[in-house]
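Input: a single structure, listed below in structure tokens.
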2 protein chains.
Amino acid sequence: MSKHLILNAFLMSTGHHEASWRMPETDVTSYRDVTHYQRLAQVAERGKMDSVFFADSPSIFGVNLERRPAEAIEPALLLTAMAVATERIGLVATSSTTYEEPYNLARTFASLDAISHGRAGWNVVTTADLKAGANFGMTEAPSHAERYRRAEEFLEVVLGLWGGWRDDSTVADKQSGVFHDSARVDVLDHVGEHFRVRGPLNVGRSEQGHPVIVQAGSSVPGMALAAAYAEAVFTAQPSIDDGRAFYDELKAATRKAGRNPDHIKILPGLVPIIGSTEAEAKAIEQQLDDLVVLDHPLDQLSADIGIPVDEIDLDAPLPDDIRPASDIQGNRARYELVVKLARSDDLTVRQLLLKLGSGRGHRSFTGTPEQVADDIELWFTSGAADGFNIMPAVLPSGLEAFVDHVVPILRQRGLFRDDYTGTTLREHYGLPVPQPRVTRLEASA
Amino acid sequence: MSKHLILNAFLMSTGHHEASWRMPETDVTSYRDVTHYQRLAQVAERGKMDSVFFADSPSIFGVNLERRPAEAIEPALLLTAMAVATERIGLVATSSTTYEEPYNLARTFASLDAISHGRAGWNVVTTADLKAGANFGMTEAPSHAERYRRAEEFLEVVLGLWGGWRDDSTVADKQSGVFHDSARVDVLDHVGEHFRVRGPLNVGRSEQGHPVIVQAGSSVPGMALAAAYAEAVFTAQPSIDDGRAFYDELKAATRKAGRNPDHIKILPGLVPIIGSTEAEAKAIEQQLDDLVVLDHPLDQLSADIGIPVDEIDLDAPLPDDIRPASDIQGNRARYELVVKLARSDDLTVRQLLLKLGSGRGHRSFTGTPEQVADDIELWFTSGAADGFNIMPAVLPSGLEAFVDHVVPILRQRGLFRDDYTGTTLREHYGLPVPQPRVTRLEASA
């Protein structure tokens with residue numbers, strides 16, 4: 001088999017659908033039960049999927065605690081528990097450059113990479129959410145531009161710390177009594193606008209060199225950061241034409257940044273709702289939508305578009321006089337996506353909110369395993385995606401349905417691996433092992 | 001059995017002895033192998049010990065990479081891997097109030113507490129090490145006083161975040177569609193000298209309420225912080241008289257701070273070197289000491305006492321003209337301990353360094369299982385300790401010897417539990433479950 005699809009399992013508590021926890025099948029205690037996550041990782045690994053993936057924010061997600069599980073166990077800890085319950089599958093967590101220290105973050109992900117023998121990935125986000133900023137001393141959110149300037153320097157520091165160790169830094173020679181060779185561990189001595197970090201990091205290289213850099217911003221500065229650093233990009237694309245345009249643009253930008261465009265994998269999100277017949281799939285979707293309480297998403301939309309809740313008609317299209325995208329300091333790409341979704345499909349506000357409730361702006365597809373496989377194949381073969389972040393609406397059932405019924409079809413068609421051929425996330429993704437960044441040599445004294 | 005000893009297993013890579021990795025028995029790759037730590041936790045749990053414990057610093061420990069494993073996988077991740085490989089044993093990690101954000105730290109430990117169903121503890125340190133500061137933008141270490149002012153506010157924020165959730169905050173009522181009850185999740189809105197943190201935390205209460213607060217500073221401000229907040233204190237005490245004096249002083253200070261002195265457990269460190277005969281134990285000690293390369297500890301001592309290496313005579317006592325303790329902005333309690341150790345036992349510098357090499361200033365005891373048990377019993381029954389942080393010189397063998405040969409003797413004497421009677425760390429330690437801190441109620445809007 002030549003080049004194949006990448007398939008990540010993007011996991012979220014009881015599922016991505018807003019109402020997943022209200023389904024009769026759902027165990028409402030599972031969202032904070034580590035064995036739930038371990039089992040999900042095992043299901044994804046049974047399907048030979050590339051990785052499991054977590055979103056994250058250091059705050060209570062969204063506007064209201066009432067409508068879905070708001071607790072979120074720290075993803076690096078969850079992935080550690082999943083690492084020791086699996087053998088091969090990659091482990092990707094989101095962490096923010098705005099509310100962490102680069103030394104701590106570099107260490108956490110290098111630790112996950114050590115524990116998992118080279119299966120870790122870091123999804124770099126700049127976290128727009130004002131609620132997060134308020135947990136870190138901020139009285140207003142940093143501007144979009146400032147967040148990205150900090151993110152770039154943050155990445156340089158993290159890559160520099162990771163790159164300070166080499167494959168031969170550790171000697172462990174009992175005879176001579178030398179454990180690490182200090183001439184082969186580089187001090188970083190970074191001094192920049194936001195950070196001053198000496199190093200070296202206290203965790204060395206892993207079997208894949210260092211964690212894979214994933215990125216999820218699709219705004220203009222987000223794409224620039226991706227072109228310069230990202231090895232995989234998670235993106236929300238509402239249609240195949242949008243997907244193709246984004247794919248072409250980002251691959252071109254990556255080439256322009258002097259990098260091999262094959263070394264950046266573009267992975268749109270996809271919420272598959274799967275039934276053995278189309279009617280069964282539609283019935284599951286309807287059941288989920290019927291369980292959505294619209295007050296929370298309506299509050300969120302109202303805040304986004306700058307129009308009070310009581311002036312929004314649920315059964316009319318989105319009003320014309322919404323705020324311009326240029327006013328958004330938060331997640332601008334998401335805002336633009338929501339507006340585009342509403343306008344292009346001519347949705348009522350209610351239809352828009354239900355669509356957002358199923359995968360928070362990501363594309364959903366409802367159908368039989370064959371139909372889901374057709375959709376995935378079409379995007380992949382027509383140059384709109386290198387693979388997908390699969391976002392099951394309900395967990396674990398949605399992931400099980402995907403692994404047991406869609407993956408075998410993709411495999412029959414030669415689009416997906418029969419088994420893992422490597423042991424690291426870089427091997428699964430087909431990415432090169434990064435070389436140590438030898439900035440300068442200095443004995444650590 | 002009435003009140004019994006507390007026994008923690010303080011773990012460190014290949015063992016606490018500086019030369020542990022050079023022993024013929026040691027697998028030099030174990031220090032970054034998660035299964036090594038999982039097995040150690042299982043050995044400690046087989047012995048029904050109270051907890052496993054990790055020290056930590058966000059830097060390369062000590063002065064020189066050459067002399068022992070300097071890599072240190074993030075302890076909260078290691079403890080997560082150990083949590084899912086065990087059922088009962090407590091899980092305590094050190095983390096610094098100087099180089100972390102309180103929201104992130106509160107979340108990490110609450111996450112470990114959720115994953116382990118109430119077995120987590122946080123050992124609060126203020127991290128004096130200049131090398132750590134240089135990884136976090138500092139060009140000089142913050143003063144001792146400033147570190148403790150920050151630590152106190154940090155603790156208030158963390159306890160406030162943990163205390164924002166109650167046992168009944170999560171309703172998960174499928175019928176009404178209410179997941180968390182926002183009227184039962186408190187916003188913190190902390191505004192202080194160092195921090196401004198709104199909350200609520202995105203992880204709720206555990207089976208033990210929140211993680212146990214452990215503390216390890218034995219300086220004057222360290223003891224004040226312990227008296228106000230600590231539920232367990234880890235301390236280095238060179239003799240039983242020192243131990244008794246410290247015990248009495250801290251229990252009195254805790255009473256004076258308005259707390260029940262039974263709710264602060266005092267746990268000196270102890271490095272047991274165990275042989276089936278006294279001669280065998282002494283031979284193990286000698287073998288370890290013969291493997292120590294003295295350059296690294298000598299550099300460290302030289303930096304501590306402010307006298308150049310080439311002016312120190314290894315076979316003479318510590319010079320008289322060393323710097324006064326009041327000049328130390330770093331770990332002042334440790335400095336005082338080192339000097340006291342040298343002076344009171346009339347040690348040569350070489351003897352002092354070997355003693356420090358075995359447990360970094362903690363008391364070591366070499367003998368048969370009976371003798372080690374006698375020593376522990378004497379300290380416990382004469383009011384010098386509520387238990388011990390057991391620091392095996394070599395891992396795993398030192399922990400196995402303790403669990404298999406010393407613990408059964410302590411059990412026969414009625415000093416230690418036959419089996420766990422509870423499931424949480426608070427239950428093992430005999431500590432009360434903390435109540436939520438209801439500061440004010442506010443719907444999280």
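To be explicit about the labels: the chains of the structure tokens are called A, B, and onward in the order shown, and within each one the residues are counted from 1, while ligands get numbers from 1 in the order they are shown.
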Discussion item. With only C-alpha atoms considered, list every residue of chain B at most 7 Å from chain A, as an MDAnalysis selection string.
Written reply: chainID B and resid 22 28 32:34 59:60 63:74 77 80:81 84 103 107:108 111 114:115 134:137 172 174 177:182 195:199 201:204 444:445
Emit the selected residues as a compact mmCIF listing (two decimals), in the first residue's frame, including N, CA and C atoms.
# COMPACT_ATOMS: atom_id res chain seq x y z
N ARG B 22 25.50 2.74 39.54
CA ARG B 22 26.74 2.02 39.22
C ARG B 22 26.78 0.62 39.84
N VAL B 28 20.53 0.43 34.02
CA VAL B 28 20.71 1.88 33.87
C VAL B 28 19.66 2.52 32.97
N ARG B 32 14.15 5.99 33.12
CA ARG B 32 13.11 6.63 32.31
C ARG B 32 12.13 5.61 31.73
N ASP B 33 12.00 4.49 32.44
CA ASP B 33 11.09 3.42 32.01
C ASP B 33 9.88 3.41 32.94
N VAL B 34 8.73 3.69 32.38
CA VAL B 34 7.53 3.83 33.21
C VAL B 34 7.21 2.53 33.94
N SER B 59 14.28 21.68 36.53
CA SER B 59 15.64 21.97 36.10
C SER B 59 16.43 20.67 36.17
N ILE B 60 17.66 20.73 35.65
CA ILE B 60 18.57 19.62 35.88
C ILE B 60 19.00 19.71 37.34
N VAL B 63 24.56 19.95 40.28
CA VAL B 63 25.54 20.77 39.60
C VAL B 63 26.01 20.17 38.30
N ASN B 64 25.97 18.88 38.16
CA ASN B 64 26.68 18.22 37.09
C ASN B 64 25.87 17.03 36.56
N LEU B 65 25.73 16.99 35.24
CA LEU B 65 24.96 15.90 34.60
C LEU B 65 25.66 14.56 34.66
N GLU B 66 26.94 14.58 34.95
CA GLU B 66 27.75 13.38 34.72
C GLU B 66 27.54 12.30 35.78
N ARG B 67 27.13 12.72 36.96
CA ARG B 67 27.26 11.79 38.08
C ARG B 67 26.04 10.96 38.44
N ARG B 68 24.88 11.30 37.88
CA ARG B 68 23.72 10.44 38.14
C ARG B 68 22.63 10.79 37.12
N PRO B 69 21.58 9.98 36.99
CA PRO B 69 20.51 10.31 36.05
C PRO B 69 19.93 11.69 36.35
N ALA B 70 20.00 12.59 35.37
CA ALA B 70 19.54 13.96 35.58
C ALA B 70 18.18 14.19 34.93
N GLU B 71 17.79 13.28 34.05
CA GLU B 71 16.46 13.39 33.46
C GLU B 71 15.43 13.05 34.52
N ALA B 72 14.30 13.73 34.46
CA ALA B 72 13.25 13.48 35.45
C ALA B 72 11.90 13.63 34.78
N ILE B 73 11.29 12.51 34.46
CA ILE B 73 9.95 12.53 33.86
C ILE B 73 9.01 13.24 34.83
N GLU B 74 8.13 14.05 34.28
CA GLU B 74 7.22 14.86 35.09
C GLU B 74 6.49 13.96 36.10
N LEU B 77 2.79 12.78 35.77
CA LEU B 77 2.56 11.79 34.71
C LEU B 77 2.98 10.40 35.21
N THR B 80 0.40 9.11 37.50
CA THR B 80 -0.79 8.66 36.77
C THR B 80 -0.60 7.23 36.27
N ALA B 81 0.58 6.99 35.71
CA ALA B 81 0.88 5.62 35.24
C ALA B 81 0.87 4.64 36.41
N VAL B 84 -2.86 3.86 37.70
CA VAL B 84 -3.67 2.88 36.96
C VAL B 84 -3.10 1.47 37.07
N TYR B 103 -3.63 27.97 38.79
CA TYR B 103 -4.74 27.28 38.11
C TYR B 103 -4.26 25.96 37.52
N ARG B 107 -5.28 22.19 38.84
CA ARG B 107 -5.93 21.28 37.91
C ARG B 107 -5.18 19.95 37.79
N THR B 108 -3.85 20.02 37.70
CA THR B 108 -3.05 18.80 37.57
C THR B 108 -3.28 17.87 38.76
N SER B 111 -6.73 16.50 38.90
CA SER B 111 -6.86 15.46 37.88
C SER B 111 -6.29 14.13 38.37
N ALA B 114 -8.69 12.72 40.73
CA ALA B 114 -9.86 12.13 40.05
C ALA B 114 -9.48 10.77 39.48
N ILE B 115 -8.35 10.72 38.78
CA ILE B 115 -7.92 9.47 38.14
C ILE B 115 -7.73 8.36 39.17
N ALA B 134 16.50 30.17 36.30
CA ALA B 134 17.03 30.54 34.98
C ALA B 134 16.22 29.92 33.83
N ASN B 135 15.38 28.94 34.15
CA ASN B 135 14.49 28.38 33.13
C ASN B 135 13.15 29.11 33.06
N PHE B 136 12.99 30.11 33.94
CA PHE B 136 11.71 30.81 34.03
C PHE B 136 11.92 32.32 34.06
N GLY B 137 12.89 32.78 33.28
CA GLY B 137 13.05 34.22 33.10
C GLY B 137 13.76 34.95 34.22
N ALA B 172 -26.14 15.71 36.63
CA ALA B 172 -26.22 14.77 35.49
C ALA B 172 -27.60 14.17 35.35
N LYS B 174 -30.49 13.40 33.19
CA LYS B 174 -30.82 13.31 31.76
C LYS B 174 -32.19 13.91 31.47
N GLY B 177 -31.98 17.72 31.67
CA GLY B 177 -30.91 18.26 30.83
C GLY B 177 -29.91 19.11 31.60
N VAL B 178 -29.88 18.99 32.93
CA VAL B 178 -28.91 19.74 33.74
C VAL B 178 -27.73 18.83 34.08
N PHE B 179 -26.51 19.23 33.70
CA PHE B 179 -25.34 18.41 34.05
C PHE B 179 -24.73 18.87 35.36
N HIS B 180 -24.06 20.02 35.37
CA HIS B 180 -23.60 20.58 36.64
C HIS B 180 -24.61 21.63 37.09
N ASP B 181 -24.79 21.76 38.40
CA ASP B 181 -25.67 22.79 38.94
C ASP B 181 -24.82 24.04 39.19
N SER B 182 -24.99 25.04 38.35
CA SER B 182 -24.07 26.19 38.43
C SER B 182 -24.22 26.96 39.75
N PHE B 195 -1.39 37.04 42.41
CA PHE B 195 -2.30 36.32 41.50
C PHE B 195 -3.68 36.97 41.42
N ARG B 196 -4.27 36.81 40.25
CA ARG B 196 -5.66 37.19 40.02
C ARG B 196 -6.28 36.00 39.29
N VAL B 197 -7.13 35.27 39.97
CA VAL B 197 -7.66 34.01 39.43
C VAL B 197 -9.17 33.95 39.66
N ARG B 198 -9.92 33.83 38.58
CA ARG B 198 -11.37 33.87 38.71
C ARG B 198 -11.99 32.50 39.05
N GLY B 199 -11.55 31.44 38.37
CA GLY B 199 -12.20 30.15 38.59
C GLY B 199 -13.53 30.11 37.87
N LEU B 201 -12.45 26.07 38.91
CA LEU B 201 -11.56 25.06 38.34
C LEU B 201 -12.37 24.12 37.44
N ASN B 202 -11.73 23.59 36.41
CA ASN B 202 -12.45 22.67 35.52
C ASN B 202 -12.28 21.20 35.90
N VAL B 203 -11.95 20.94 37.15
CA VAL B 203 -11.99 19.58 37.70
C VAL B 203 -12.62 19.67 39.09
N GLY B 204 -13.55 18.79 39.35
CA GLY B 204 -14.30 18.85 40.60
C GLY B 204 -13.70 18.05 41.75
N SER B 444 -22.30 30.71 37.50
CA SER B 444 -21.18 30.94 36.57
C SER B 444 -21.76 31.35 35.22
N ALA B 445 -21.75 32.62 34.96
CA ALA B 445 -22.41 33.12 33.73
C ALA B 445 -21.38 33.61 32.73
Discussion item. Quick one: residues within 12 Å of A:Leu7, only C-alpha atoms, excluding same-chain residues fewer than 4 positions away - as an NGL selection string?
Written reply: :A and (44-45 or 47-53 or 89-90 or 232 or 234 or 265-270 or 376 or 380 or 385-391 or 399 or 402-403 or 406-407 or 410-411 or 415-417 or 425 or 428-429)
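Separating atom CA of A:Gln351 from atom CA of A:Val220 is a distance of 28.4 Å.
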Discussion item. Could you check the closest approach to B:Lys256 for each of B:Ala93, B:Leu378, B:Ala228, B:Val338 and tell me which residue wins, using only C-alpha atoms?
Written reply: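 That would be B:Ala228, the residue with the smallest distance to B:Lys256.
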Find the residues near B:Leu288: any atom within 12 Å, counting only C-alpha atoms, skip ones fewer than 6 places away on the same chain, and give them as a JSON list (two decimals) with C-alpha atoms, in the first residue's frame.
[["chain", "number", "residue", "atom", "x", "y", "z"],
["B", 15, "GLY", "CA", 17.79, 4.93, 44.09],
["B", 16, "HIS", "CA", 18.67, 7.73, 46.49],
["B", 17, "HIS", "CA", 22.31, 6.86, 46.77],
["B", 18, "GLU", "CA", 24.41, 8.94, 44.39],
["B", 19, "ALA", "CA", 26.12, 5.79, 43.08],
["B", 20, "SER", "CA", 23.06, 3.52, 42.94],
["B", 21, "TRP", "CA", 23.17, 3.39, 39.13],
["B", 22, "ARG", "CA", 26.74, 2.02, 39.22],
["B", 23, "MET", "CA", 25.79, -1.04, 41.26],
["B", 24, "PRO", "CA", 26.13, -4.29, 39.27],
["B", 25, "GLU", "CA", 22.46, -5.11, 39.84],
["B", 26, "THR", "CA", 21.14, -1.81, 38.41],
["B", 273, "ILE", "CA", 20.55, -0.02, 54.03],
["B", 281, "ALA", "CA", 24.44, -4.42, 55.37],
["B", 282, "LYS", "CA", 27.75, -2.69, 56.03],
["B", 354, "LEU", "CA", 29.69, 10.22, 51.56],
["B", 355, "LYS", "CA", 26.98, 10.68, 54.15],
["B", 357, "GLY", "CA", 25.74, 11.07, 48.90],
["B", 358, "SER", "CA", 23.67, 8.35, 50.49],
["B", 359, "GLY", "CA", 20.53, 10.43, 50.97],
["B", 393, "ALA", "CA", 19.46, 3.65, 48.49],
["B", 394, "VAL", "CA", 19.08, 1.35, 45.46]]
Item to complete: Would you return as an MDAnalysis selection string the members of stretch 220-294 of chain B that DSSP assigns to helix (DSSP H, G or I) on this structure's backbone?
Response: chainID B and resid 220:229 240:256 261:263 278:290
Selection file, N, CA and C atoms, as a compact mmCIF listing (two decimals), in the first residue's frame:
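Generated output (again16.txt):
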# COMPACT_ATOMS: atom_id res chain seq x y z
N VAL B 220 12.38 28.54 59.23
CA VAL B 220 11.36 29.20 60.05
C VAL B 220 10.10 29.53 59.23
N PRO B 221 10.22 30.19 58.07
CA PRO B 221 8.99 30.42 57.29
C PRO B 221 8.39 29.12 56.75
N GLY B 222 9.24 28.12 56.50
CA GLY B 222 8.74 26.81 56.06
C GLY B 222 7.86 26.19 57.13
N MET B 223 8.30 26.26 58.39
CA MET B 223 7.50 25.70 59.48
C MET B 223 6.21 26.49 59.70
N ALA B 224 6.28 27.81 59.50
CA ALA B 224 5.06 28.61 59.65
C ALA B 224 4.03 28.21 58.59
N LEU B 225 4.50 28.01 57.37
CA LEU B 225 3.61 27.59 56.29
C LEU B 225 3.02 26.21 56.61
N ALA B 226 3.88 25.31 57.11
CA ALA B 226 3.43 23.97 57.46
C ALA B 226 2.36 24.02 58.55
N ALA B 227 2.61 24.82 59.59
CA ALA B 227 1.65 24.90 60.70
C ALA B 227 0.29 25.38 60.22
N ALA B 228 0.31 26.27 59.23
CA ALA B 228 -0.95 26.83 58.73
C ALA B 228 -1.68 25.90 57.76
N TYR B 229 -0.92 25.16 56.94
CA TYR B 229 -1.55 24.44 55.83
C TYR B 229 -1.27 22.95 55.75
N ILE B 240 17.66 11.54 66.81
CA ILE B 240 16.35 11.43 67.46
C ILE B 240 16.05 12.66 68.33
N ASP B 241 17.09 13.26 68.92
CA ASP B 241 16.86 14.48 69.71
C ASP B 241 16.41 15.63 68.82
N ASP B 242 17.10 15.78 67.67
CA ASP B 242 16.65 16.79 66.70
C ASP B 242 15.22 16.51 66.27
N GLY B 243 14.95 15.24 65.99
CA GLY B 243 13.63 14.84 65.53
C GLY B 243 12.56 15.19 66.55
N ARG B 244 12.83 14.89 67.83
CA ARG B 244 11.85 15.17 68.89
C ARG B 244 11.61 16.66 69.04
N ALA B 245 12.69 17.43 68.97
CA ALA B 245 12.56 18.88 69.11
C ALA B 245 11.72 19.46 67.98
N PHE B 246 12.02 19.00 66.74
CA PHE B 246 11.27 19.49 65.58
C PHE B 246 9.80 19.08 65.70
N TYR B 247 9.57 17.84 66.10
CA TYR B 247 8.22 17.31 66.23
C TYR B 247 7.41 18.16 67.21
N ASP B 248 8.01 18.39 68.39
CA ASP B 248 7.30 19.17 69.42
C ASP B 248 7.02 20.59 68.94
N GLU B 249 8.02 21.18 68.30
CA GLU B 249 7.89 22.56 67.88
C GLU B 249 6.79 22.71 66.82
N LEU B 250 6.77 21.78 65.85
CA LEU B 250 5.79 21.91 64.76
C LEU B 250 4.38 21.57 65.24
N LYS B 251 4.27 20.58 66.13
CA LYS B 251 2.93 20.27 66.66
C LYS B 251 2.40 21.46 67.47
N ALA B 252 3.29 22.09 68.24
CA ALA B 252 2.87 23.25 69.04
C ALA B 252 2.47 24.41 68.12
N ALA B 253 3.27 24.63 67.08
CA ALA B 253 2.96 25.72 66.14
C ALA B 253 1.62 25.47 65.45
N THR B 254 1.34 24.19 65.15
CA THR B 254 0.08 23.85 64.48
C THR B 254 -1.10 24.10 65.42
N ARG B 255 -0.92 23.72 66.69
CA ARG B 255 -1.97 23.98 67.68
C ARG B 255 -2.21 25.49 67.78
N LYS B 256 -1.10 26.23 67.84
CA LYS B 256 -1.18 27.69 67.95
C LYS B 256 -1.87 28.32 66.73
N PRO B 261 -3.29 19.26 66.09
CA PRO B 261 -1.94 18.77 65.78
C PRO B 261 -1.92 17.32 65.30
N ASP B 262 -2.98 16.56 65.51
CA ASP B 262 -3.05 15.20 64.95
C ASP B 262 -3.24 15.23 63.43
N HIS B 263 -3.62 16.38 62.92
CA HIS B 263 -3.88 16.48 61.49
C HIS B 263 -2.68 17.01 60.71
N GLU B 278 24.38 -7.77 59.99
CA GLU B 278 24.91 -6.41 60.06
C GLU B 278 26.09 -6.28 59.11
N ALA B 279 26.91 -7.34 59.04
CA ALA B 279 28.09 -7.30 58.17
C ALA B 279 27.68 -7.16 56.71
N GLU B 280 26.64 -7.87 56.33
CA GLU B 280 26.18 -7.78 54.94
C GLU B 280 25.67 -6.38 54.63
N ALA B 281 24.94 -5.79 55.56
CA ALA B 281 24.44 -4.42 55.37
C ALA B 281 25.60 -3.44 55.22
N LYS B 282 26.58 -3.60 56.08
CA LYS B 282 27.75 -2.69 56.03
C LYS B 282 28.52 -2.87 54.72
N ALA B 283 28.55 -4.10 54.23
CA ALA B 283 29.25 -4.35 52.96
C ALA B 283 28.54 -3.66 51.80
N ILE B 284 27.20 -3.66 51.83
CA ILE B 284 26.44 -2.96 50.78
C ILE B 284 26.74 -1.47 50.85
N GLU B 285 26.74 -0.94 52.06
CA GLU B 285 27.03 0.49 52.23
C GLU B 285 28.42 0.83 51.70
N GLN B 286 29.38 -0.04 52.04
CA GLN B 286 30.76 0.20 51.60
C GLN B 286 30.87 0.14 50.08
N GLN B 287 30.19 -0.84 49.50
CA GLN B 287 30.20 -0.99 48.04
C GLN B 287 29.66 0.28 47.37
N LEU B 288 28.59 0.83 47.91
CA LEU B 288 28.01 2.06 47.36
C LEU B 288 28.98 3.23 47.52
N ASP B 289 29.51 3.38 48.72
CA ASP B 289 30.41 4.52 48.97
C ASP B 289 31.65 4.46 48.08
N ASP B 290 32.14 3.24 47.83
CA ASP B 290 33.32 3.09 46.97
C ASP B 290 33.04 3.54 45.54
Discussion item. I want to know what sits within 6 Å of B:Thr94, based on only C-alpha atoms, with residues of the same chain fewer than 2 positions away left out; could you give that as a PyMOL selection string?
Written reply: chain B and resi 55-56+122-123
Residues of the last selection are to be written out with C-alpha atoms, as a PDB file, in the first residue's frame.
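The file below, result-v9.pdb, is the result:
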ATOM      1  CA  ALA B  55      10.815  15.058  44.808  1.00  0.00           C
ATOM      2  CA  ASP B  56      11.028  17.466  41.895  1.00  0.00           C
ATOM      3  CA  TRP B 122       0.824  17.690  46.653  1.00  0.00           C
ATOM      4  CA  ASN B 123       4.187  18.325  48.291  1.00  0.00           C
TER       5      ASN B 123
END
Item to complete: Just give me the gap between atom CA of A:Pro324 and atom CA of A:Ser219 in Å, one decimal is fine.
Response: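 Between atom CA of A:Pro324 and atom CA of A:Ser219 the gap is 14.7 Å.
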List as a short mmCIF file (atom, residue, chain, number, x, y, z; two decimals) with N, CA and C atoms, in the first residue's frame the protein and nucleic acid residues near B:Arg46, meaning an atom at most 10 Å away when only C-alpha atoms are counted, but skip any in the same chain fewer than 4 places from it.
data_model
loop_
_atom_site.label_atom_id
_atom_site.label_comp_id
_atom_site.auth_asym_id
_atom_site.auth_seq_id
_atom_site.Cartn_x
_atom_site.Cartn_y
_atom_site.Cartn_z
N LEU B 40 7.57 -0.44 41.11
CA LEU B 40 7.90 0.06 42.46
C LEU B 40 6.62 0.36 43.24
N ALA B 41 5.65 0.97 42.56
CA ALA B 41 4.38 1.27 43.24
C ALA B 41 3.69 -0.01 43.68
N GLN B 42 3.79 -1.04 42.85
CA GLN B 42 3.16 -2.32 43.20
C GLN B 42 3.87 -2.98 44.38
N THR B 86 -2.21 0.33 40.18
CA THR B 86 -2.41 0.01 41.60
C THR B 86 -3.86 0.31 41.98
N ARG B 88 -4.75 1.06 45.76
CA ARG B 88 -4.94 1.72 47.04
C ARG B 88 -3.88 2.75 47.40
N ILE B 89 -2.65 2.54 46.97
CA ILE B 89 -1.55 3.33 47.52
C ILE B 89 -1.66 4.81 47.14
N GLU B 400 12.27 -3.48 47.95
CA GLU B 400 11.85 -4.86 48.16
C GLU B 400 12.33 -5.38 49.51
N VAL B 403 10.11 -3.80 52.22
CA VAL B 403 8.74 -4.34 52.24
C VAL B 403 8.72 -5.80 52.71
N ASP B 404 9.68 -6.57 52.24
CA ASP B 404 9.64 -8.01 52.53
C ASP B 404 10.24 -8.37 53.89
N ASP B 419 -3.56 -4.54 56.57
CA ASP B 419 -4.10 -4.26 55.24
C ASP B 419 -4.68 -2.85 55.28
#
Fill in: Close residues, stretch 146-159 of chain B itself excluded, 6 Å, only C-alpha atoms, min 6 positions apart in chain, as a list in words
Thr97, Pro102, Ala106 and Thr126 of chain B
Would you output that residue set with N, CA, C and O atoms, as an mmCIF file, in the first residue's frame?
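Written file, result_38.cif:
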data_model
loop_
_atom_site.group_PDB
_atom_site.id
_atom_site.type_symbol
_atom_site.label_atom_id
_atom_site.label_comp_id
_atom_site.auth_asym_id
_atom_site.auth_seq_id
_atom_site.Cartn_x
_atom_site.Cartn_y
_atom_site.Cartn_z
ATOM 1 N N THR B 97 5.689 26.263 43.942
ATOM 2 C CA THR B 97 4.836 27.452 43.865
ATOM 3 C C THR B 97 5.552 28.619 43.187
ATOM 4 O O THR B 97 4.930 29.638 42.922
ATOM 5 N N PRO B 102 -1.035 28.860 39.619
ATOM 6 C CA PRO B 102 -1.912 28.100 40.536
ATOM 7 C C PRO B 102 -3.067 27.377 39.841
ATOM 8 O O PRO B 102 -3.420 26.276 40.252
ATOM 9 N N ALA B 106 -3.395 23.450 40.388
ATOM 10 C CA ALA B 106 -4.621 22.955 41.033
ATOM 11 C C ALA B 106 -5.300 21.923 40.138
ATOM 12 O O ALA B 106 -5.784 20.887 40.608
ATOM 13 N N THR B 126 9.021 25.627 47.517
ATOM 14 C CA THR B 126 9.196 26.960 46.935
ATOM 15 C C THR B 126 10.421 27.010 46.024
ATOM 16 O O THR B 126 10.688 28.045 45.422
#
Discussion item. Based on the backbone DSSP call, show me all residues of stretch 275-379 of chain B assigned strand (DSSP E or B), as a list in words.
Written reply: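 Going through stretch 275-379 of chain B, the strand (DSSP E or B) residues come out as Pro317, Thr348, Arg363, Ser364, Phe365, Thr366 and Gly367 of chain B.
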Practice prompt. For each of B:Asn260, B:Thr127, B:Thr277, B:Ser206, take the minimum atom-to-atom distance to B:Thr368, counting only C-alpha atoms, then give the residue where this is smallest.
Written response: B:Thr277
